[in-house]
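Some notes on the structure that comes next.
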Amino acid sequence: MRPYKHPAVDEFVLERVLYALSDSIRLEIVRHLARVECATCGELDGGRPKSTVSHHFKVLREAGLVRTESNGTTHINTLRGAEIESRFPGLLPAILAQGEKVSARRRKTAA
């Protein structure tokens, strides 16, 4: 299996990062990875079709948000939080904090 390509920090483009985070599924993946050290694709698929999840991970990788490493047939994903922080200071924490506020409002409304 070929190793995945990951952009270098100086190749991160703000528009790509924002585009990747604009999708609710990808934002959910990033939120999950922000809470854990690493996760497999299966842990993050949310019951979605493999092709859909593969597409979302590709967008996240190309934006520089996620690193995916293969361990046999398992793909291990980690958030590149420190690298995003070095390129765009404060961006990811601000977006994740806002996302948590929105989620909390949705939970409160649903209750």
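A note on labels: chains of the structure tokens are A, B, ... as shown, every chain counts residues from 1, and ligands are counted from 1 in their shown order.
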(request) For segment 88-96 of chain A, please output as a PyMOL selection string all residues within 10 Å (counting only C-alpha atoms; exclusion window: fewer than 4 positions along the same chain). (result) chain A and resi 9+12-14+17-18+21+27-28+30-31+34+65+81-84+100-102
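Those residues of segment 20-90 of chain A that DSSP, working from the backbone, places in strand (DSSP E or B) are Ala39, Thr40, Val66, Arg67, Thr68, Glu69, Ser70, Asn71, Thr74, His75, Ile76, Asn77, Thr78 and Leu79 of chain A.
Residues lying within 12 Å of Val36 of chain A, counting only C-alpha atoms and ignoring same-chain neighbours fewer than 6 positions away, are Ile29, Val30, Glu43, Leu44, Ile76, Asn77, Thr78, Leu79 and Gly81 of chain A.
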(message) One number please: atom CA of Ala20 of chain A to atom CA of His56 of chain A, in Å, one decimal.
(response) 8.2 Å
(message) DSSP on the backbone, alpha helix (DSSP H) only: what residues of chain A does that give? Format it as number ranges by chain.
(response) A: 14-21, 24-35, 41-44, 50-63, 81-87, 91-110
